[in-house]
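S.K.: Structure below; questions to follow.
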Amino acid sequence: MSKENLYLCMGSACHQMGVYEVLPAIQRLLAEYQVDDRIEFKGSFCLECCSHGIVMKFRDTLFLHINPENVEEKFKQEILPEIQKAVGSTV
Ligand code: FES
């Protein structure tokens with residue numbers, strides 16, 4: 001089964017905003033919602049909307065204004081639905 005890529009911007013602006021706190025939270029959430037077998041979670045270069053960071057990307061959709069405080073909410077409300085639309089959901 002091929003995996004879809006989910007990107008987390010590791011560019012310097014996003015890095016300063018706390019990527020290293022967001023990263024483990026996303027990993028945990030991918031496992032918690034059982035999509036980690038369908039999703040390849042990757043770091044990316046600057047996604048070119050630094051002033052709206054932290055930025056994540058799935059397919060052609062950008063997710064903006066992620067931070068260590070709102071990451072769980074952002075994941076559940078914005079990112080997870082996009083993933084489930086794309087890969088199908090059994091959850
Ligand atoms: S550093 Fe993340 S969008 Fe530029």
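Ordered as shown in the structure tokens, chains take letters A, B, and onward, while each chain numbers its residues from 1 and ligands are numbered from 1 in the order shown.
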Could you list the protein, DNA and RNA residues that have any atom within 12 Å of ligand 1, counting only C-alpha atoms and all ligand atoms, and write them as a PyMOL selection string?

M.R.: chain A and resi 7-19+43-57+62-67

S.K.: Show which residues sit within 12 Å of Gly88 of chain A, as a list of chain:residue names. Count only C-alpha atoms, and ignore same-chain residues fewer than 2 positions away.

M.R.: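 These residues fall inside the cut-off: A:Glu4, A:Gln34, A:Val35, A:Arg38, A:Ile39, A:Leu80, A:Pro81, A:Glu82, A:Ile83, A:Gln84, A:Lys85, A:Ala86, A:Thr90, A:Val91.
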
S.K.: List every residue of segment 17-76 of chain A that DSSP, applied to the backbone of this structure, assigns to strand (DSSP E), and report them as a list in words.

M.R.: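 Taking segment 17-76 of chain A and keeping strand (DSSP E) gives Ile39, Glu40, Phe41, Lys42, Gly43, Ser44, Met56, Lys57, Phe58, Thr61, Leu62 and Phe63 of chain A.
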
S.K.: Considering only C-alpha atoms, return as a list in words whatever protein or nucleic-acid residues lie within 12 Å of Pro24 of chain A, sequence-local ones (same chain, fewer than 3 positions apart) excluded.

M.R.: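 Answer for this query is Leu8, Gly18, Val19, Tyr20, Glu21, Gln27, Arg28, Leu29, Leu30, Ala31, Phe41, Lys42, Pro68, Val71 and Glu72 of chain A.
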
S.K.: Based on the selection just made, write C-alpha atoms of those residues as a compact mmCIF listing (two decimals), in the first residue's frame.

M.R.:
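Result file follows (again_37.txt):
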# COMPACT_ATOMS: atom_id res chain seq x y z
CA LEU A 8 6.07 19.70 8.14
CA GLY A 18 8.58 25.55 17.56
CA VAL A 19 8.70 22.80 14.95
CA TYR A 20 10.49 20.56 17.41
CA GLU A 21 7.50 20.63 19.72
CA GLN A 27 3.66 11.76 15.25
CA ARG A 28 1.61 10.91 18.31
CA LEU A 29 -1.64 12.05 16.66
CA LEU A 30 -0.96 10.07 13.47
CA ALA A 31 -0.59 6.97 15.62
CA PHE A 41 5.49 12.10 7.75
CA LYS A 42 8.34 14.18 6.36
CA PRO A 68 2.69 23.90 19.88
CA VAL A 71 -1.40 21.59 17.05
CA GLU A 72 -3.83 18.99 18.40

S.K.: What does the structure give for the distance between atom CA of Val22 of chain A and atom CA of Val87 of chain A, in Å to one decimal?

M.R.: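 Value for the atom CA of Val22 of chain A-atom CA of Val87 of chain A distance: 22.7 Å.
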